[in-house]
Amino acid sequence: MSPHTRTPRVLTALVALGCLLAAAACGKSPSAAHEPTHRSSSAPPTHAPVDPAKRAAEIVRSMSDTELIGQVLMPVAYGYQADRVSAEAARHNRNIAGADTPAQIVRKYKLGGLMLVNEGDGNDPTAETNPTSNIATPKQVRELTTGLQRAGTADGLPMLISTDQEFGTVVRLADGVSPLPTGLGVGAAHDPKLTERAWEMAGGELSAVGVNMDFAPDADVLGGPGNLVIGSRSFGSDPQQVAVQTAAAVKGLQTAGVAATPKHFPGHGHTTTDSHHAMPVLTQTRGTLDSQDLPPFSAAIGADTWAIMAGHLDVQAVDPGMPATLSHKLLHDVLRTKMKFNGVVVSDALNMQPVTDRYDGGEAAVHALLAGNDLLLEPPNLPAAQKGLLAGLKSGELPRSRLVEAATRVVTLRARLAGHTQPALSTLRSAAHEKVAGDIAAAAVTTLRGQCTGPLVSGTVRLTGGTDQKRSWLTDALRANGITVSTSGGTQVALTGYGDTTRDLSPNADVTVGMDEPYLLSEVRSKTVLATFGATKESMTALAAVLAGKATAPGRSPVPIQGLPRSACG
């Protein structure tokens with residue numbers, strides 16, 4: 001029998017095997033069998049639990065080559081519904097996959113996973129590769145993901161539905177969810193238990209809309225203020241502190257039934273080049289790499305992270321000239337062998353320039369698998385990737401054992417996720433979740449110059465800088481604290497945020513507040529200098545309480561700022 005075909009007898013056996021392994025799935029309606037609402041791992045079992053790895057091995061053993069390839073490819077499919085999309089979305093889908101709708105793409109390529117994206121809001125440095133979107137509202141995303149699960153494979157396991165939900169500047173689903181501050185804000189709060197609670201809350205909300213894999217947290221250690229690519233996405237500049245926060249975020253997400261994916265291995269913090277446009281070159285020694293960049297990834301492995309994302313980084317000390325995503329020396333020798341990681345290795349997007357400049361779609365897919373990736377993210381041309389992998393199998397360039405190994409890891413992750421129950425949409429922005437979001441926003445507020453207790457403003461307050469939305473949130477919060485806000489005169493509170501330069505500063509402001517990276521604050525001469533490390537409504541509410549003297553600012557800057565302390569308050 002050809003490895004690309006399947007006889008009716010084998011199909012029947014596979015369906016029967018799927019029924020046995022999936023417990024009750026075959027007794028449900030076709031739609032229910034693919035719903036991502038599986039029994040919680042904490043519920044009393046009705047039968048002996050099946051080991052995810054064993055279950056995966058049984059399923060993979062019966063897969064054709066095309067089905068195996070479907071497990072290792074994770075493309076984007078545009079459109080807000082699984083089975084009906086706009087003409088624009090259909091056009092983009094045909095360009096990358098030769099099919100109109102997300103459901104058609106899933107079925108055509110027998111995919112085990114799909115990625116959700118949006119076009120960003122102008123502040124997101126990672127969204128430029130997305131010509132359109134498949135994310136709008138929580139209700140829409142849940143309906144989309146439910147439709148995708150219905151279209152998915154018939155093995156009784158949930159598909160992997162992934163996205164980049166880091167918060168701060170990189171957030172795919174913003175409206176209707178309880179937000180966190182930036183990564184630097186989480187670092188400024190310096191409370192790993194609170195970090196774990198916050199990311200468990202965030203994971204629960206992702207799970208509620210049907211996302212079960214998050215390409216987060218950012219585990220990069222910042223090497224200096226010039227890194228505007230990672231910037232506030234990082235937890236900070238201290239490897240050990242970033243390691244602690246990374247492990248806490250991993251635990252929180254995975255407790256909620258969402259696979260964490262720390263990135264960008266082996267570390268994107270010591271470069272100023274954006275890998276969307278060119279390959280960053282890391283020139284640090286191997287010793288520096290081990291001591292400065294790898295600790296957060298080691299901590300994530302210690303926290304049993306289910307996945308890690310590789311970056312398009314030229315690591316001169318290990319494999320000069322080769323992107324880490326395509327480097328066997330880094331992914332196999334360092335990550336697998338030295339660091340003992342056994343989970344899913346996810347490539348960064350294969351439609352980014354460091355890969356597309358080097359290989360065509362089929363070649364890139366083969367080389368990415370051979371390097372040690374298990375899940376190939378965003379191949380720019382899905383037919384070419386599939387064709388290249390099939391050709392690699394036929395020629396022997398790609399050993400089938402390597403494809404089976406990768407597919408088995410992916411299916412093992414899907415089996416692991418099958419034990420978690422999808423929460424109701426009503427959990428989004430619940431009172432409990434809002435409290436967690438408010439707690440971590442308040443813990444991040446940091447006094448860098450000025451008094452530490454009592455009101456920091458008096459009389460009428462005038463707000464400048466920031467966006468209309470940020471000023472509106474802060475205005476409402478100040479008024480709720482009994483402070484008068486006017487458009488002229490009074491005490492000037494100047495806001496500065498993502499993308500601002502010295503030209504955006506207000507030299508005569510009484511108070512200057514940094515809402516993103518804090519480095520610009522070294523240039524201000526205000527009597528009071530604060531950092532919120534976040535620009536959410538919760539951050540503005542916490543800031544208002546500090547300005548009014550109703551709360552103190554407990555945060556500590558997780559990065560050094562020239563001329564300013566980590567905290568002026570001890």
# chains A, B, ... in the order shown; residues from 1 in each chain; ligands from 1
>>> residues_around(residues="Thr532 (chain A)", least_positions_apart="2", cutoff="10 Å", atoms="only C-alpha atoms", output="PyMOL selection string")
chain A and resi 181-182+184-185+188-189+441-447+497+513-518+530+534-536+539-540+542-543+553+555+557
>>> closest_atom_pairs(of="region 402-475 of chain A", to="region 381-395 of chain A", cutoff="12 Å", atoms="only C-alpha atoms", output="tab-separated table")
residue	atom	partner	partner_atom	distance
A:Arg402	CA	A:Leu393	CA	9.8
A:Leu403	CA	A:Leu393	CA	8.7
A:Val404	CA	A:Leu393	CA	11.2
>>> atom_distance(atom1="CA of Tyr80 (chain A)", atom2="CA of Asn134 (chain A)")
4.7 Å
>>> closest_residue(among="A:Val211, A:Ala90, A:Leu413, A:Ile135", to="Gly343 (chain A)", atoms="only C-alpha atoms")
A:Leu413
>>> select_by_dssp(residues="region 231-323 of chain A", states="strand (DSSP E or B)", output="PyMOL selection string")
chain A and resi 259-260+263+265+281-282+307-310+314-315+323
>>> closest_residue(among="A:Thr421, A:Ser567, A:Ser347, A:Gln492", to="Gln451 (chain A)", atoms="only C-alpha atoms")
A:Ser567
>>> select_by_dssp(residues="region 163-388 of chain A", states="helix (DSSP H, G or I)", output="ChimeraX atom specification")
/A:183-189,192-208,231-233,239-255,286-293,295-302,324-326,328-338,353-356,361-371,382-388
>>> atom_distance(atom1="CA of Glu200 (chain A)", atom2="CA of Ala431 (chain A)")
14.9 Å
>>> closest_residue(among="A:Trp306, A:Phe341, A:Trp473, A:Tyr109", to="Val72 (chain A)", atoms="only C-alpha atoms")
A:Tyr109
>>> closest_residue(among="A:Val170, A:Leu73, A:Leu116, A:Val221", to="Leu144 (chain A)", atoms="only C-alpha atoms")
A:Leu116
>>> residues_around(residues="region 320-336 of chain A", least_positions_apart="2", cutoff="10 Å", atoms="only C-alpha atoms", output="VMD selection string")
chain A and resid 264 to 267 275 279 to 283 294 297 to 298 301 308 to 318 338 to 343 345 to 350 354 to 355 358 364 to 373 376
>>> residues_around(residues="Ala544 (chain A)", least_positions_apart="3", cutoff="10 Å", atoms="only C-alpha atoms", output="PyMOL selection string")
chain A and resi 456-457+473-481+483+538-541+547-551
>>> atom_distance(atom1="CA of Arg449 (chain A)", atom2="CA of Arg462 (chain A)")
19.7 Å
